[in-house]
Amino acid sequence: MTVPHPPHGVEELCEAGLELYTRALREEQVAADEAESLPCLIEAGLLQPDLEDVRRLRPVPPAVALSRLQRTADDDIAERRRQSTRLAESFEPLLTLVMPDNGSTDTSGIHLLSGLDRINSAISAAMAAVSGELLTVQPSPNRHPRTVSVALDRDQALLDRGGRIRTLYQHTQRHIPETLARYEQLRGDVEARTLDEVTDRLILIDRKVAFVPAGKDRTLALEVRNPALVSYFTTTFDRLWRLATPMHPQAVHHTPLSGVTPRQRAIAALLVEGHTDAVIADRLGMNIRTARVHIAKLATTLGSDSRAQLGYLIARSGILDGEGKDR
């Protein structure tokens, strides 16, 4: 009796698929009927029909298959972002319909702010008495000069009060002079990290109030104090922050233990916090089996014999130095 192929995503190759693909690489081909029960190889683009013999499949180099999959994923993300922009543009006229004369409306902890000056004033007011933290996502450097100047002053005031600032950018901004100049001017507990792609613009103040754009031209913004929404924005930021790369070169090479990947460091941080394998898998967007493989590799690298010892060894190893301070 043939064991049914367990469903799984293209980001993970099952053992049977790995064995067949390994043999295909070694023999440079496999019979097409052998792959019928392993559709994951076709879906992942690791096998393709032999143009000279339809009864045969030939292996596709892993780098080629990976590039194709990443390109598809990037296209999906770009389409989602375009859809988000279209939704914001579509709803913008509706939002203005309910805006009273004072320029804002309150609906379950959500204020609609109209005008650049009003938006900056609301952000400055929210930050005025705060001495905790400012978390921001800045997708692009195209900001109004007046906004940049106001933001720099209030950010430095927060740092002077003992607060801290964490900002996420896209990788493309690592060498933008305006962005680098900001961190040369600010003094205090301030750090920036980058990713290939980030969410839309976001400002989170003390994990209690958030500001997000409500229109494409940035003349409309939402001031969000709804606890559920603010918690959602905060969780999203924290997860992106774990996966991001420190902007300053000296921080990029911080890992004190060789052989531990960024993904394993993210898992290690969650292990130290006491999360279960299931929670770790969910937080990092992987299945539980993959999470356990990474945990086992961490245990081997650190020489751990038990879950409790692993947490202790992670803390002693220094692989999270600088990571724990970012939360």
# chains A, B, ... in the order shown; residues from 1 in each chain; ligands from 1
call {"tool": "residues_around", "arguments": {"residues": "region 232-241 of chain A", "least_positions_apart": "3", "cutoff": "9 Å", "atoms": "only C-alpha atoms", "output": "ChimeraX atom specification"}}
result
/A:135-137,166-168,193-195,198-199,202,204,207,210,227-229,244-245,266,283-284,326-327
call {"tool": "residues_around", "arguments": {"residues": "region 34-45 of chain A", "least_positions_apart": "3", "cutoff": "10 Å", "atoms": "only C-alpha atoms", "output": "PyMOL selection string"}}
result
chain A and resi 2-14+16-18+20-21+30-31+48-49+56-57+59-62+64-66+68-69
call {"tool": "residues_around", "arguments": {"residues": "Val150 (chain A)", "least_positions_apart": "6", "cutoff": "12 Å", "atoms": "only C-alpha atoms", "output": "ChimeraX atom specification"}}
result
/A:116-117,119-121,123-124,143-144,156-157
call {"tool": "write_last_selection", "arguments": {"atoms": "N, CA and C atoms", "output": "short mmCIF file (atom, residue, chain, number, x, y, z; two decimals), in the first residue's frame"}}
result
data_model
loop_
_atom_site.label_atom_id
_atom_site.label_comp_id
_atom_site.auth_asym_id
_atom_site.auth_seq_id
_atom_site.Cartn_x
_atom_site.Cartn_y
_atom_site.Cartn_z
N LEU A 116 -0.32 67.69 7.20
CA LEU A 116 1.01 67.35 7.69
C LEU A 116 1.28 67.98 9.05
N ASP A 117 0.88 69.25 9.23
CA ASP A 117 1.13 69.92 10.50
C ASP A 117 0.36 69.26 11.64
N ILE A 119 -0.66 66.17 11.77
CA ILE A 119 -0.08 64.84 12.04
C ILE A 119 1.19 64.98 12.89
N ASN A 120 2.07 65.91 12.50
CA ASN A 120 3.31 66.11 13.27
C ASN A 120 3.02 66.58 14.69
N SER A 121 2.02 67.42 14.85
CA SER A 121 1.66 67.90 16.18
C SER A 121 1.17 66.76 17.07
N ILE A 123 1.91 63.55 16.76
CA ILE A 123 3.05 62.68 17.10
C ILE A 123 3.90 63.32 18.19
N SER A 124 4.16 64.62 18.04
CA SER A 124 4.98 65.33 19.04
C SER A 124 4.30 65.33 20.40
N ARG A 143 10.95 62.00 2.57
CA ARG A 143 10.18 62.67 3.61
C ARG A 143 10.34 64.18 3.45
N HIS A 144 9.30 64.92 3.82
CA HIS A 144 9.34 66.37 3.72
C HIS A 144 10.45 66.91 4.64
N GLN A 156 15.62 63.33 19.57
CA GLN A 156 16.73 63.59 20.46
C GLN A 156 16.23 63.92 21.86
N ALA A 157 15.08 64.60 21.93
CA ALA A 157 14.50 64.92 23.24
C ALA A 157 14.13 63.63 23.98
#
call {"tool": "select_by_dssp", "arguments": {"residues": "region 117-309 of chain A", "states": "alpha helix (DSSP H)", "output": "VMD selection string"}}
result
chain A and resid 117 to 128 145 to 160 177 to 185 227 to 243 249 to 252 262 to 272 277 to 284 288 to 302 307 to 309
call {"tool": "residues_around", "arguments": {"residues": "Val190 (chain A)", "least_positions_apart": "6", "cutoff": "10 Å", "atoms": "only C-alpha atoms", "output": "ChimeraX atom specification"}}
result
/A:133-134,155-156,159,163-167,183
call {"tool": "residues_around", "arguments": {"residues": "Gly162 (chain A)", "least_positions_apart": "3", "cutoff": "9 Å", "atoms": "only C-alpha atoms", "output": "ChimeraX atom specification"}}
result
/A:131-132,157-159,188-189
call {"tool": "closest_residue", "arguments": {"among": "A:Arg265, A:His111, A:Arg55, A:Arg81", "to": "Ile319 (chain A)", "atoms": "only C-alpha atoms"}}
result
A:Arg265
call {"tool": "atom_distance", "arguments": {"atom1": "CA of Ile110 (chain A)", "atom2": "CA of Glu191 (chain A)"}}
result
28.7 Å
call {"tool": "atom_distance", "arguments": {"atom1": "CA of Glu92 (chain A)", "atom2": "CA of Gly215 (chain A)"}}
result
6.2 Å
call {"tool": "select_by_dssp", "arguments": {"residues": "region 7-184 of chain A", "states": "strand (DSSP E)", "output": "PyMOL selection string"}}
result
chain A and resi 30-31+47-50+53-59+110-114+133-137+164-170
call {"tool": "residues_around", "arguments": {"residues": "Leu220 (chain A)", "least_positions_apart": "3", "cutoff": "8 Å", "atoms": "only C-alpha atoms", "output": "MDAnalysis selection string"}}
result
chainID A and resid 112:116 119 213:215 217
call {"tool": "atom_distance", "arguments": {"atom1": "CA of Leu302 (chain A)", "atom2": "CA of Ile314 (chain A)"}}
result
7.5 Å
call {"tool": "closest_residue", "arguments": {"among": "A:Ser304, A:Gln309, A:Thr22, A:Gln264", "to": "Ala291 (chain A)", "atoms": "only C-alpha atoms"}}
result
A:Gln264
